$ cat upload_1.cif   # mmCIF, C-alpha atoms
data_protein
#
loop_
_atom_site.label_atom_id
_atom_site.label_comp_id
_atom_site.auth_asym_id
_atom_site.auth_seq_id
_atom_site.Cartn_x
_atom_site.Cartn_y
_atom_site.Cartn_z
CA MET A 28 8.32 0.74 14.05
CA SER A 29 8.65 -3.02 13.70
CA LEU A 30 8.58 -4.57 10.24
CA ILE A 31 5.85 -6.89 11.49
CA ARG A 32 3.93 -7.24 14.72
CA PRO A 33 1.34 -9.59 16.24
CA LEU A 34 -2.37 -8.87 16.01
CA GLN A 35 -5.58 -9.55 17.87
CA GLY A 36 -7.04 -11.61 15.08
CA LEU A 37 -10.76 -11.87 14.45
CA ARG A 38 -11.28 -15.56 13.80
CA PRO A 39 -14.07 -18.12 13.50
CA LYS A 40 -14.70 -20.33 16.50
CA PRO A 41 -13.29 -23.75 15.61
CA GLU A 42 -16.73 -25.29 15.20
CA PHE A 43 -17.59 -22.71 12.52
CA ALA A 44 -14.30 -22.59 10.61
CA ALA A 45 -15.29 -25.07 7.87
CA ALA A 46 -18.53 -23.16 7.25
CA VAL A 47 -16.77 -19.77 7.11
CA ILE A 48 -13.70 -20.48 4.97
CA ALA A 49 -13.98 -19.24 1.36
CA PRO A 50 -11.83 -18.69 -1.74
CA PRO A 51 -10.18 -15.26 -2.01
CA TYR A 52 -12.43 -12.53 -3.37
CA ASP A 53 -10.57 -12.13 -6.66
CA VAL A 54 -10.65 -15.71 -7.95
CA LEU A 55 -14.44 -15.95 -8.40
CA ASN A 56 -16.80 -13.78 -10.37
CA SER A 57 -20.13 -12.77 -8.85
CA GLU A 58 -22.11 -15.66 -10.34
CA GLU A 59 -19.52 -18.25 -9.30
CA ALA A 60 -19.54 -16.79 -5.78
CA ARG A 61 -23.34 -16.86 -5.67
CA LEU A 62 -23.36 -20.55 -6.54
CA ARG A 63 -20.52 -21.38 -4.14
CA ALA A 64 -22.27 -19.64 -1.22
CA GLN A 65 -25.69 -21.17 -1.87
CA GLY A 66 -26.94 -22.86 1.29
CA ARG A 67 -23.91 -21.59 3.23
CA PRO A 68 -25.08 -18.59 5.29
CA LEU A 69 -21.78 -18.36 7.21
CA SER A 70 -19.54 -18.38 4.13
CA PHE A 71 -17.10 -15.48 4.04
CA LEU A 72 -18.23 -14.89 0.46
CA HIS A 73 -21.16 -12.96 1.94
CA ILE A 74 -18.51 -10.48 3.16
CA SER A 75 -15.94 -10.57 0.37
CA LYS A 76 -18.50 -10.78 -2.49
CA PRO A 77 -21.62 -9.27 -0.88
CA GLU A 78 -23.27 -8.51 -4.22
CA ILE A 79 -24.41 -12.15 -4.07
CA ASP A 80 -26.97 -11.05 -1.45
CA LEU A 81 -28.33 -8.26 -3.64
CA PRO A 82 -30.44 -8.45 -6.81
CA ALA A 83 -28.81 -10.21 -9.75
CA LEU A 84 -26.75 -7.95 -12.03
CA THR A 85 -26.02 -5.52 -9.18
CA ASP A 86 -22.81 -3.65 -10.02
CA PRO A 87 -20.16 -5.09 -7.63
CA TYR A 88 -18.87 -1.52 -7.12
CA ASP A 89 -22.27 -0.09 -6.16
CA PRO A 90 -22.18 1.60 -2.71
CA ALA A 91 -24.90 -0.81 -1.57
CA VAL A 92 -22.46 -3.70 -2.02
CA TYR A 93 -19.98 -2.32 0.53
CA THR A 94 -22.81 -1.52 2.94
CA LYS A 95 -24.12 -5.08 2.62
CA GLY A 96 -20.66 -6.51 3.22
CA ALA A 97 -20.33 -4.49 6.41
CA GLU A 98 -23.77 -5.68 7.58
CA ASN A 99 -22.87 -9.31 6.91
CA PHE A 100 -19.52 -8.92 8.67
CA GLN A 101 -21.10 -7.37 11.76
CA LYS A 102 -23.74 -10.09 11.81
CA LEU A 103 -21.10 -12.84 12.11
CA ILE A 104 -19.44 -10.86 14.91
CA ASP A 105 -22.74 -10.33 16.73
CA GLN A 106 -23.56 -14.04 16.41
CA ARG A 107 -20.09 -14.82 17.79
CA VAL A 108 -19.24 -16.88 14.76
CA LEU A 109 -16.20 -14.58 14.52
CA VAL A 110 -14.47 -13.73 17.80
CA GLN A 111 -11.46 -11.48 18.42
CA ASP A 112 -8.49 -12.83 20.37
CA SER A 113 -7.99 -11.16 23.75
CA GLN A 114 -4.28 -10.48 23.19
CA PRO A 115 -1.98 -9.92 20.20
CA CYS A 116 -0.75 -13.18 18.70
CA TYR A 117 1.12 -14.45 15.73
CA TYR A 118 -0.39 -17.38 13.88
CA LEU A 119 0.94 -20.09 11.60
CA TYR A 120 -0.97 -20.97 8.46
CA ARG A 121 -0.11 -24.17 6.57
CA LEU A 122 -1.38 -24.95 3.08
CA ILE A 123 -1.11 -28.43 1.59
CA MET A 124 -1.97 -28.98 -2.08
CA GLY A 125 -1.13 -32.47 -3.28
CA ALA A 126 2.53 -33.11 -2.44
CA HIS A 127 3.26 -29.41 -1.91
CA GLN A 128 3.31 -27.90 1.58
CA GLN A 129 4.07 -24.37 2.80
CA THR A 130 3.78 -22.77 6.24
CA GLY A 131 3.66 -19.02 6.78
CA VAL A 132 3.54 -16.58 9.67
CA VAL A 133 0.32 -14.57 9.95
CA ALA A 134 1.15 -11.04 11.10
CA VAL A 135 0.48 -7.41 10.34
CA ALA A 136 3.16 -5.66 8.29
CA SER A 137 4.28 -2.05 8.45
CA VAL A 138 2.73 0.45 6.02
CA ALA A 139 5.80 2.66 6.56
CA ASP A 140 8.05 -0.16 5.35
CA TYR A 141 5.74 -0.70 2.39
CA ASN A 142 5.99 2.99 1.53
CA SER A 143 9.80 2.97 1.84
CA ASN A 144 10.05 -0.16 -0.35
CA ARG A 145 11.43 -2.37 2.40
CA ILE A 146 8.34 -4.41 1.57
CA ARG A 147 9.06 -4.71 -2.12
CA LYS A 148 6.68 -4.68 -5.07
CA HIS A 149 6.95 -6.12 -8.55
CA GLU A 150 3.64 -5.13 -10.20
CA TYR A 151 1.75 -2.03 -11.20
CA THR A 152 -1.70 -1.64 -9.68
CA ARG A 153 -4.92 -0.50 -11.31
CA PRO A 154 -6.63 2.53 -9.72
CA ASP A 155 -10.12 1.00 -10.01
CA LYS A 156 -9.04 -2.14 -8.14
CA GLU A 157 -7.28 -0.09 -5.49
CA ASP A 158 -10.40 2.04 -5.06
CA ASP A 159 -12.49 -1.10 -4.57
CA ARG A 160 -10.24 -2.38 -1.77
CA VAL A 161 -10.11 1.04 -0.10
CA ARG A 162 -13.90 1.18 -0.03
CA GLN A 163 -14.11 -2.37 1.29
CA ILE A 164 -11.63 -1.71 4.12
CA ASP A 165 -13.39 1.52 5.04
CA ALA A 166 -16.84 -0.08 5.05
CA LEU A 167 -15.79 -3.02 7.22
CA ASN A 168 -13.27 -1.05 9.30
CA ALA A 169 -11.15 -4.16 8.88
CA GLN A 170 -8.74 -5.91 6.53
CA THR A 171 -10.08 -9.33 5.63
CA GLY A 172 -7.90 -10.39 2.69
CA PRO A 173 -4.29 -11.07 3.71
CA VAL A 174 -1.41 -9.97 1.50
CA PHE A 175 0.82 -12.87 0.42
CA LEU A 176 4.43 -12.01 1.33
CA THR A 177 7.67 -13.95 1.12
CA TYR A 178 11.08 -13.72 2.81
CA ARG A 179 14.44 -15.37 2.46
CA GLN A 180 14.27 -18.49 4.62
CA HIS A 181 15.65 -18.00 8.14
CA PRO A 182 16.62 -20.82 10.56
CA GLU A 183 15.27 -19.00 13.63
CA VAL A 184 11.81 -18.74 12.08
CA ASP A 185 12.08 -22.38 11.00
CA ARG A 186 12.84 -23.38 14.60
CA ILE A 187 9.69 -21.76 15.98
CA VAL A 188 7.55 -23.05 13.11
CA ASN A 189 8.73 -26.58 13.81
CA GLN A 190 8.00 -26.21 17.53
CA VAL A 191 4.50 -24.86 17.05
CA THR A 192 3.40 -27.14 14.22
CA ALA A 193 4.33 -30.18 16.34
CA THR A 194 1.24 -29.32 18.41
CA THR A 195 -2.44 -29.73 17.50
CA PRO A 196 -3.68 -26.98 15.15
CA GLN A 197 -6.60 -24.73 16.03
CA TYR A 198 -8.11 -25.44 12.60
CA ASP A 199 -7.40 -28.33 10.27
CA LEU A 200 -9.77 -28.58 7.34
CA SER A 201 -9.97 -29.12 3.61
CA ALA A 202 -11.63 -26.67 1.23
CA ASP A 203 -13.80 -27.51 -1.78
CA ASP A 204 -10.76 -27.62 -4.06
CA GLY A 205 -9.00 -30.21 -1.89
CA VAL A 206 -6.42 -27.81 -0.42
CA ARG A 207 -5.84 -28.47 3.27
CA HIS A 208 -5.71 -25.45 5.60
CA SER A 209 -4.15 -25.77 9.08
CA PHE A 210 -3.84 -22.93 11.58
CA TRP A 211 -1.98 -22.51 14.88
CA VAL A 212 -2.03 -19.71 17.46
CA ILE A 213 1.28 -18.38 18.84
CA ASP A 214 0.57 -16.64 22.15
CA ASN A 215 3.84 -17.46 23.90
CA ALA A 216 5.58 -14.15 24.75
CA ALA A 217 9.10 -15.46 24.11
CA GLN A 218 8.17 -16.87 20.72
CA ILE A 219 6.36 -13.65 19.78
CA GLU A 220 9.41 -11.57 20.72
CA THR A 221 11.74 -13.85 18.75
CA ILE A 222 9.57 -13.69 15.63
CA THR A 223 9.36 -9.89 15.79
CA ARG A 224 13.11 -9.51 16.37
CA THR A 225 14.05 -12.00 13.64
CA PHE A 226 11.91 -10.32 10.99
CA ASP A 227 13.22 -6.91 12.08
CA SER A 228 16.71 -8.18 11.27
CA MET A 229 15.72 -8.96 7.67
CA ARG A 230 16.66 -6.56 4.91
CA CYS A 231 13.26 -6.76 3.22
CA LEU A 232 10.08 -8.69 2.46
CA TYR A 233 8.55 -9.24 -0.97
CA ILE A 234 4.95 -9.08 -2.10
CA ALA A 235 4.11 -12.28 -3.91
CA ASP A 236 0.39 -11.63 -4.36
CA GLY A 237 -1.80 -8.82 -3.07
CA HIS A 238 -0.44 -5.61 -4.58
CA HIS A 239 -3.90 -4.03 -4.65
CA ARG A 240 -4.64 -5.01 -1.04
CA SER A 241 -1.36 -3.60 0.24
CA ALA A 242 -1.69 -0.41 -1.83
CA ALA A 243 -5.24 0.05 -0.53
CA ALA A 244 -4.08 -0.44 3.08
CA ALA A 245 -1.43 2.24 2.58
CA ARG A 246 -4.05 4.61 1.18
CA VAL A 247 -6.40 3.97 4.10
CA ALA A 248 -3.53 4.64 6.52
CA ALA A 249 -2.77 7.93 4.78
CA LEU A 250 -6.42 8.98 4.96
CA ARG A 251 -6.69 8.13 8.64
CA ARG A 252 -3.30 9.52 9.63
CA SER A 253 -4.68 13.04 9.53
CA ASP A 254 -6.83 12.15 12.55
CA GLY A 255 -3.67 12.01 14.70
CA GLY A 256 -2.31 9.24 16.89
CA ASP A 257 1.01 7.52 17.40
CA PRO A 258 1.99 5.62 14.22
CA VAL A 259 3.71 2.97 16.36
CA THR A 260 0.45 1.95 18.02
CA THR A 261 -2.20 2.98 15.50
CA VAL A 262 -3.76 -0.10 13.96
CA HIS A 263 -4.20 1.39 10.47
CA GLU A 264 -0.42 1.74 10.10
CA TYR A 265 -0.19 -2.05 9.52
CA PHE A 266 -1.79 -4.46 7.06
CA LEU A 267 -2.75 -8.12 7.32
CA ALA A 268 -0.27 -10.54 5.76
CA VAL A 269 0.80 -14.17 5.62
CA ILE A 270 4.57 -14.46 5.17
CA PHE A 271 6.08 -17.62 3.66
CA PRO A 272 9.76 -18.59 3.29
CA ASP A 273 11.09 -18.46 -0.25
CA ASN A 274 12.13 -22.12 -0.23
CA GLN A 275 8.49 -23.22 0.17
CA MET A 276 6.84 -21.04 -2.46
CA GLN A 277 5.24 -22.55 -5.55
CA ILE A 278 4.81 -20.56 -8.77
CA LEU A 279 2.94 -22.14 -11.65
CA ASP A 280 3.08 -21.20 -15.32
CA TYR A 281 0.92 -18.31 -16.55
CA ASN A 282 0.00 -19.04 -20.14
CA ARG A 283 -1.18 -16.95 -23.12
CA LEU A 284 -4.02 -17.32 -25.63
CA ILE A 285 -4.33 -15.18 -28.78
CA ARG A 286 -7.56 -14.67 -30.75
CA ASP A 287 -6.05 -14.38 -34.25
CA LEU A 288 -2.80 -14.50 -36.20
CA ASN A 289 -2.73 -10.76 -37.01
CA GLY A 290 -3.80 -11.35 -40.62
CA LEU A 291 -1.17 -14.02 -41.28
CA SER A 292 -1.80 -17.49 -42.66
CA ILE A 293 -0.56 -20.40 -40.54
CA GLU A 294 2.45 -20.89 -42.81
CA GLN A 295 3.32 -17.18 -42.86
CA PHE A 296 3.08 -17.06 -39.07
CA LYS A 297 5.32 -20.13 -38.62
CA GLN A 298 7.89 -18.69 -41.03
CA GLN A 299 8.14 -15.52 -38.94
CA LEU A 300 9.07 -17.54 -35.84
CA SER A 301 12.40 -18.80 -37.17
CA PRO A 302 14.55 -15.66 -36.69
CA ALA A 303 14.02 -15.74 -32.92
CA PHE A 304 13.09 -19.36 -32.12
CA GLU A 305 14.10 -22.92 -32.84
CA VAL A 306 10.78 -24.59 -33.70
CA ALA A 307 10.09 -28.34 -33.45
CA ALA A 308 6.74 -30.09 -33.89
CA GLN A 309 5.79 -32.43 -31.04
CA PRO A 310 3.85 -35.70 -31.29
CA ARG A 311 1.75 -34.96 -28.18
CA ILE A 312 0.88 -32.28 -25.66
CA TYR A 313 4.11 -30.58 -24.60
CA LYS A 314 5.01 -28.66 -21.45
CA PRO A 315 8.14 -26.44 -21.34
CA GLN A 316 10.98 -28.09 -19.45
CA GLN A 317 13.34 -25.18 -18.76
CA PRO A 318 13.63 -21.38 -18.93
CA GLY A 319 13.81 -20.03 -22.46
CA GLU A 320 11.56 -22.81 -23.74
CA PHE A 321 7.90 -22.41 -24.74
CA SER A 322 5.21 -24.65 -26.14
CA MET A 323 2.76 -23.54 -28.79
CA TYR A 324 -0.58 -25.07 -29.78
CA LEU A 325 -1.76 -24.16 -33.26
CA ALA A 326 -4.25 -25.88 -35.59
CA GLY A 327 -4.28 -29.10 -33.58
CA GLN A 328 -0.49 -29.39 -33.39
CA TRP A 329 1.92 -28.82 -30.47
CA TYR A 330 5.34 -27.24 -31.07
CA ARG A 331 8.38 -26.65 -28.88
CA LEU A 332 9.88 -23.17 -29.23
CA ARG A 333 13.35 -22.32 -27.91
CA ILE A 334 14.52 -18.73 -27.83
CA LYS A 335 17.89 -18.27 -29.49
CA PRO A 336 20.44 -17.59 -26.71
CA GLY A 337 21.77 -14.38 -28.23
CA LEU A 338 18.36 -12.77 -27.77
CA ILE A 339 18.35 -13.15 -23.98
CA PRO A 340 19.48 -9.88 -22.29
CA LEU A 341 21.07 -11.55 -19.26
CA THR A 342 21.80 -8.37 -17.31
CA ASP A 343 18.25 -7.00 -17.46
CA PRO A 344 16.07 -8.60 -14.71
CA VAL A 345 12.81 -7.78 -16.54
CA ARG A 346 13.67 -8.34 -20.20
CA ARG A 347 15.33 -11.71 -19.50
CA LEU A 348 12.09 -13.14 -18.05
CA ASP A 349 10.39 -15.75 -20.23
CA VAL A 350 7.19 -13.67 -20.26
CA SER A 351 9.23 -10.76 -21.67
CA LEU A 352 11.09 -12.93 -24.20
CA LEU A 353 7.80 -14.23 -25.60
CA GLN A 354 6.23 -10.78 -25.62
CA ASP A 355 9.21 -8.96 -27.14
CA ASN A 356 10.12 -11.56 -29.78
CA LEU A 357 6.74 -12.97 -30.82
CA ILE A 358 3.55 -11.50 -29.37
CA ALA A 359 4.43 -7.87 -30.11
CA PRO A 360 6.44 -8.00 -33.38
CA ILE A 361 4.56 -10.86 -35.06
CA LEU A 362 1.06 -10.84 -33.56
CA GLY A 363 0.90 -7.05 -33.12
CA ILE A 364 -0.09 -7.02 -29.44
CA THR A 365 2.03 -4.27 -27.91
CA ASP A 366 -0.06 -3.59 -24.79
CA PRO A 367 -1.02 -6.93 -23.22
CA ARG A 368 -2.64 -5.11 -20.28
CA ARG A 369 -5.39 -3.67 -22.46
CA ASP A 370 -5.46 -5.54 -25.77
CA LYS A 371 -8.61 -7.71 -25.99
CA ARG A 372 -6.93 -10.10 -28.44
CA ILE A 373 -4.89 -11.72 -25.66
CA ASP A 374 -6.05 -13.70 -22.64
CA PHE A 375 -4.19 -15.37 -19.78
CA VAL A 376 -4.71 -18.77 -18.16
CA GLY A 377 -3.13 -19.82 -14.87
CA GLY A 378 -1.25 -23.10 -14.89
CA ILE A 379 -3.62 -24.56 -12.29
CA ARG A 380 -6.04 -25.17 -15.19
CA GLY A 381 -3.50 -27.26 -17.09
CA LEU A 382 -2.58 -27.32 -20.76
CA ALA A 383 -5.87 -29.04 -21.61
CA GLU A 384 -7.57 -25.68 -21.07
CA LEU A 385 -5.43 -24.20 -23.85
CA VAL A 386 -6.42 -27.03 -26.18
CA ARG A 387 -10.10 -26.61 -25.31
CA ARG A 388 -10.18 -22.91 -26.11
CA VAL A 389 -8.19 -23.18 -29.34
CA ASP A 390 -10.06 -26.23 -30.61
CA GLY A 391 -13.35 -24.56 -29.70
CA GLY A 392 -12.56 -21.68 -32.06
CA GLU A 393 -12.51 -18.95 -29.40
CA MET A 394 -8.73 -18.60 -29.71
CA ARG A 395 -6.35 -19.26 -32.59
CA VAL A 396 -3.04 -20.01 -30.89
CA ALA A 397 -1.85 -20.74 -27.36
CA PHE A 398 1.54 -20.49 -25.66
CA ALA A 399 2.60 -22.28 -22.50
CA LEU A 400 5.56 -20.96 -20.49
CA TYR A 401 8.01 -22.31 -17.98
CA PRO A 402 7.09 -20.90 -14.54
CA THR A 403 8.75 -17.67 -13.46
CA GLN A 404 11.26 -18.36 -10.69
CA LEU A 405 10.99 -16.66 -7.31
CA SER A 406 14.62 -15.56 -7.60
CA ASP A 407 13.64 -13.66 -10.76
CA LEU A 408 10.75 -11.96 -8.94
CA MET A 409 13.10 -10.91 -6.15
CA ALA A 410 15.67 -9.61 -8.64
CA VAL A 411 13.04 -7.43 -10.33
CA ALA A 412 11.78 -6.11 -7.00
CA ASP A 413 15.32 -5.46 -5.76
CA ALA A 414 15.96 -3.42 -8.91
CA ASN A 415 12.82 -1.38 -8.14
CA GLN A 416 11.29 -2.48 -11.43
CA VAL A 417 8.01 -4.15 -12.32
CA MET A 418 7.26 -7.42 -14.07
CA PRO A 419 5.11 -7.69 -17.19
CA PRO A 420 1.41 -8.39 -16.54
CA LYS A 421 0.44 -11.94 -15.61
CA SER A 422 3.98 -13.13 -14.88
CA THR A 423 3.31 -15.25 -11.79
CA TRP A 424 0.56 -17.58 -10.64
CA PHE A 425 1.00 -18.64 -7.02
CA GLU A 426 -0.61 -21.81 -5.71
CA PRO A 427 -2.12 -22.70 -3.37
CA LYS A 428 -4.21 -19.60 -2.66
CA LEU A 429 -4.82 -18.16 0.80
CA ALA A 430 -8.39 -18.60 2.00
CA ASP A 431 -10.54 -15.72 3.19
CA GLY A 432 -12.18 -15.89 6.60
CA LEU A 433 -9.62 -17.66 8.79
CA VAL A 434 -8.34 -14.39 10.26
CA SER A 435 -9.22 -10.69 9.86
CA TYR A 436 -7.59 -7.54 11.23
CA LEU A 437 -9.88 -4.98 12.87
CA LEU A 438 -8.98 -1.31 12.45
CA LYS A 439 -10.78 -0.20 15.61
#

$ encode --input "upload_1.cif" --output "structure tokens"
Amino acid sequence: MSLIRPLQGLRPKPEFAAAVIAPPYDVLNSEEARLRAQGRPLSFLHISKPEIDLPALTDPYDPAVYTKGAENFQKLIDQRVLVQDSQPCYYLYRLIMGAHQQTGVVAVASVADYNSNRIRKHEYTRPDKEDDRVRQIDALNAQTGPVFLTYRQHPEVDRIVNQVTATTPQYDLSADDGVRHSFWVIDNAAQIETITRTFDSMRCLYIADGHHRSAAAARVAALRRSDGGDPVTTVHEYFLAVIFPDNQMQILDYNRLIRDLNGLSIEQFKQQLSPAFEVAAQPRIYKPQQPGEFSMYLAGQWYRLRIKPGLIPLTDPVRRLDVSLLQDNLIAPILGITDPRRDKRIDFVGGIRGLAELVRRVDGGEMRVAFALYPTQLSDLMAVADANQVMPPKSTWFEPKLADGLVSYLLK
């Protein structure tokens, strides 16, 4: 089986693309999605967040939600807003956010290679979130949310990307958040063969974002495998993905907010920092400048924290991460939060919101102290995945996000 292969994508007709495109399902809550989709009957939010078309306060995991999503999906197909390509194609998907630009190959990736860890993971998944995606895929008989993969940059892929993106894109539009989305179709047989062969020559791919979507696709494949069929040609043995080169990926900081000081006064708390950190007050808002450096906002004051070098376990790909250094040397031993996955005293804020969001929530009294981190590096993510280990929760925040609705993968 090939690592990746082309697909007959289900896509909006160009005249409908701007009306269909929507944020990914997991970045909006139900109320935000309801507001965003208001007056937009073609928005993909009616498929990815279909509770917005049911009575307010409907449980998003109610069986009626998945049924409604399937009805809305079929309606866009019946109206020919979404149309399936007549032959398998690869696609190119370019995202531009400010000065940052990245272009990925849209493909379907092998479930077998996911199961064998050739498509490598770096996060644990939650069963309830997996169950939700399994039910969504089953109800729609399609995968609508692409998994965000990355690979080590390859000149042969670059060559084809440069050829194709020199032509006019099929879609070229800007979303509500200002991110520009451009999309090209690759239907040339020679280019398709080269892409397939080049990716087959790669040692592995890495999941950047979409662990629950890929895990759910593997579960759906396992459930459907019992019905028979050749795994090489059976559509459920692959999952929808957009695959970006590592040299174009952008990871932002993923910051921490804590509700209290674990019974300590401000002075007691600051005194407990000195064994592990060099602490320096800052005259203004401060953003970490390098690995091993953190910023802290406490009682209206910014501080720079630097981990003492002897505390960095350089040979351990997980424990040397900045998120681990902060957790192991401050959040757990001083603030008493040993399980950041479940402890309600800690919250996480993606760097896209900026450090002003940390100030707002601390100054507003909701939180007591905030920590900003230097962004995790992609090389660190790859090292963790290569070691078959997992990163701490909320280690990476990728931007820009893939939109929903530009291409779906039918499992029929």

$ resolve_selection --input "upload_1.cif" --expression "the PyMOL selection byres ((chain A and resi 216-223) around 9)" --output "ChimeraX atom specification"
/A:29-33,116-117,132,183-184,187,213-215,224-228

$ residues_around --input "upload_1.cif" --residues "segment 316-331 of chain A" --least-positions-apart "3" --cutoff "7 Å" --atoms "all atoms listed in the file" --output "PyMOL selection string"
chain A and resi 306-309+311-313+334+349+395-401

$ write_last_selection --input "upload_1.cif" --atoms "C-alpha atoms" --output "PDB file, in the frame of the given file"
ATOM      1  CA  VAL A 306      10.780 -24.590 -33.700  1.00  0.00           C
ATOM      2  CA  ALA A 307      10.090 -28.340 -33.450  1.00  0.00           C
ATOM      3  CA  ALA A 308       6.740 -30.090 -33.890  1.00  0.00           C
ATOM      4  CA  GLN A 309       5.790 -32.430 -31.040  1.00  0.00           C
ATOM      5  CA  ARG A 311       1.750 -34.960 -28.180  1.00  0.00           C
ATOM      6  CA  ILE A 312       0.880 -32.280 -25.660  1.00  0.00           C
ATOM      7  CA  TYR A 313       4.110 -30.580 -24.600  1.00  0.00           C
ATOM      8  CA  ILE A 334      14.520 -18.730 -27.830  1.00  0.00           C
ATOM      9  CA  ASP A 349      10.390 -15.750 -20.230  1.00  0.00           C
ATOM     10  CA  ARG A 395      -6.350 -19.260 -32.590  1.00  0.00           C
ATOM     11  CA  VAL A 396      -3.040 -20.010 -30.890  1.00  0.00           C
ATOM     12  CA  ALA A 397      -1.850 -20.740 -27.360  1.00  0.00           C
ATOM     13  CA  PHE A 398       1.540 -20.490 -25.660  1.00  0.00           C
ATOM     14  CA  ALA A 399       2.600 -22.280 -22.500  1.00  0.00           C
ATOM     15  CA  LEU A 400       5.560 -20.960 -20.490  1.00  0.00           C
ATOM     16  CA  TYR A 401       8.010 -22.310 -17.980  1.00  0.00           C
TER      17      TYR A 401
END

$ closest_residue --input "upload_1.cif" --among "A:Val92, A:Leu176, A:Met276, A:Met28" --to "His127 of chain A" --atoms "all atoms listed in the file"
A:Met276

$ resolve_selection --input "upload_1.cif" --expression "the PyMOL selection byres ((chain A and resi 350) around 8)" --output "ChimeraX atom specification"
/A:348-349,351-354,400,419,422

$ atom_distance --input "upload_1.cif" --atom1 "atom CA of Asp89 of chain A" --atom2 "atom CA of Pro173 of chain A"
23.3 Å

$ decode --input "upload_1.cif" --residues "segment 84-101 of chain A" --atoms "N, CA and C atoms" --output "CSV table (one decimal), in the first residue's frame"
chain,number,residue,atom,x,y,z
A,84,LEU,N,-28.8,24.7,23.6
A,84,LEU,CA,-28.4,23.8,24.7
A,84,LEU,C,-28.5,22.3,24.4
A,85,THR,N,-28.7,22.0,23.1
A,85,THR,CA,-28.6,20.6,22.7
A,85,THR,C,-27.2,20.1,22.9
A,86,ASP,N,-27.2,18.9,23.5
A,86,ASP,CA,-25.9,18.3,23.8
A,86,ASP,C,-25.2,18.0,22.4
A,87,PRO,N,-24.0,18.5,22.2
A,87,PRO,CA,-23.3,18.3,20.9
A,87,PRO,C,-23.0,16.9,20.6
A,88,TYR,N,-23.1,16.0,21.6
A,88,TYR,CA,-22.9,14.5,21.4
A,88,TYR,C,-24.2,13.7,21.3
A,89,ASP,N,-25.3,14.4,21.3
A,89,ASP,CA,-26.6,13.8,21.1
A,89,ASP,C,-26.7,13.1,19.7
A,90,PRO,N,-27.3,11.9,19.6
A,90,PRO,CA,-27.4,11.3,18.3
A,90,PRO,C,-28.1,12.2,17.2
A,91,ALA,N,-29.0,13.0,17.7
A,91,ALA,CA,-29.6,13.9,16.7
A,91,ALA,C,-28.7,14.8,16.0
A,92,VAL,N,-27.6,15.2,16.7
A,92,VAL,CA,-26.6,16.1,16.1
A,92,VAL,C,-25.9,15.5,14.9
A,93,TYR,N,-25.5,14.2,15.0
A,93,TYR,CA,-24.8,13.5,13.9
A,93,TYR,C,-25.8,13.3,12.8
A,94,THR,N,-27.1,13.0,13.1
A,94,THR,CA,-28.1,12.8,12.0
A,94,THR,C,-28.3,14.1,11.3
A,95,LYS,N,-28.3,15.3,12.0
A,95,LYS,CA,-28.5,16.6,11.4
A,95,LYS,C,-27.3,16.9,10.5
A,96,GLY,N,-26.1,16.6,11.0
A,96,GLY,CA,-24.9,16.9,10.2
A,96,GLY,C,-25.0,16.1,8.9
A,97,ALA,N,-25.4,14.9,8.9
A,97,ALA,CA,-25.5,14.1,7.7
A,97,ALA,C,-26.5,14.6,6.7
A,98,GLU,N,-27.7,15.1,7.3
A,98,GLU,CA,-28.7,15.7,6.5
A,98,GLU,C,-28.2,17.0,5.8
A,99,ASN,N,-27.5,17.8,6.5
A,99,ASN,CA,-26.9,19.1,6.0
A,99,ASN,C,-25.9,18.8,4.9
A,100,PHE,N,-25.1,17.8,5.2
A,100,PHE,CA,-24.0,17.4,4.2
A,100,PHE,C,-24.7,16.9,2.9
A,101,GLN,N,-25.6,16.0,3.0
A,101,GLN,CA,-26.3,15.5,1.8
A,101,GLN,C,-27.0,16.6,1.1
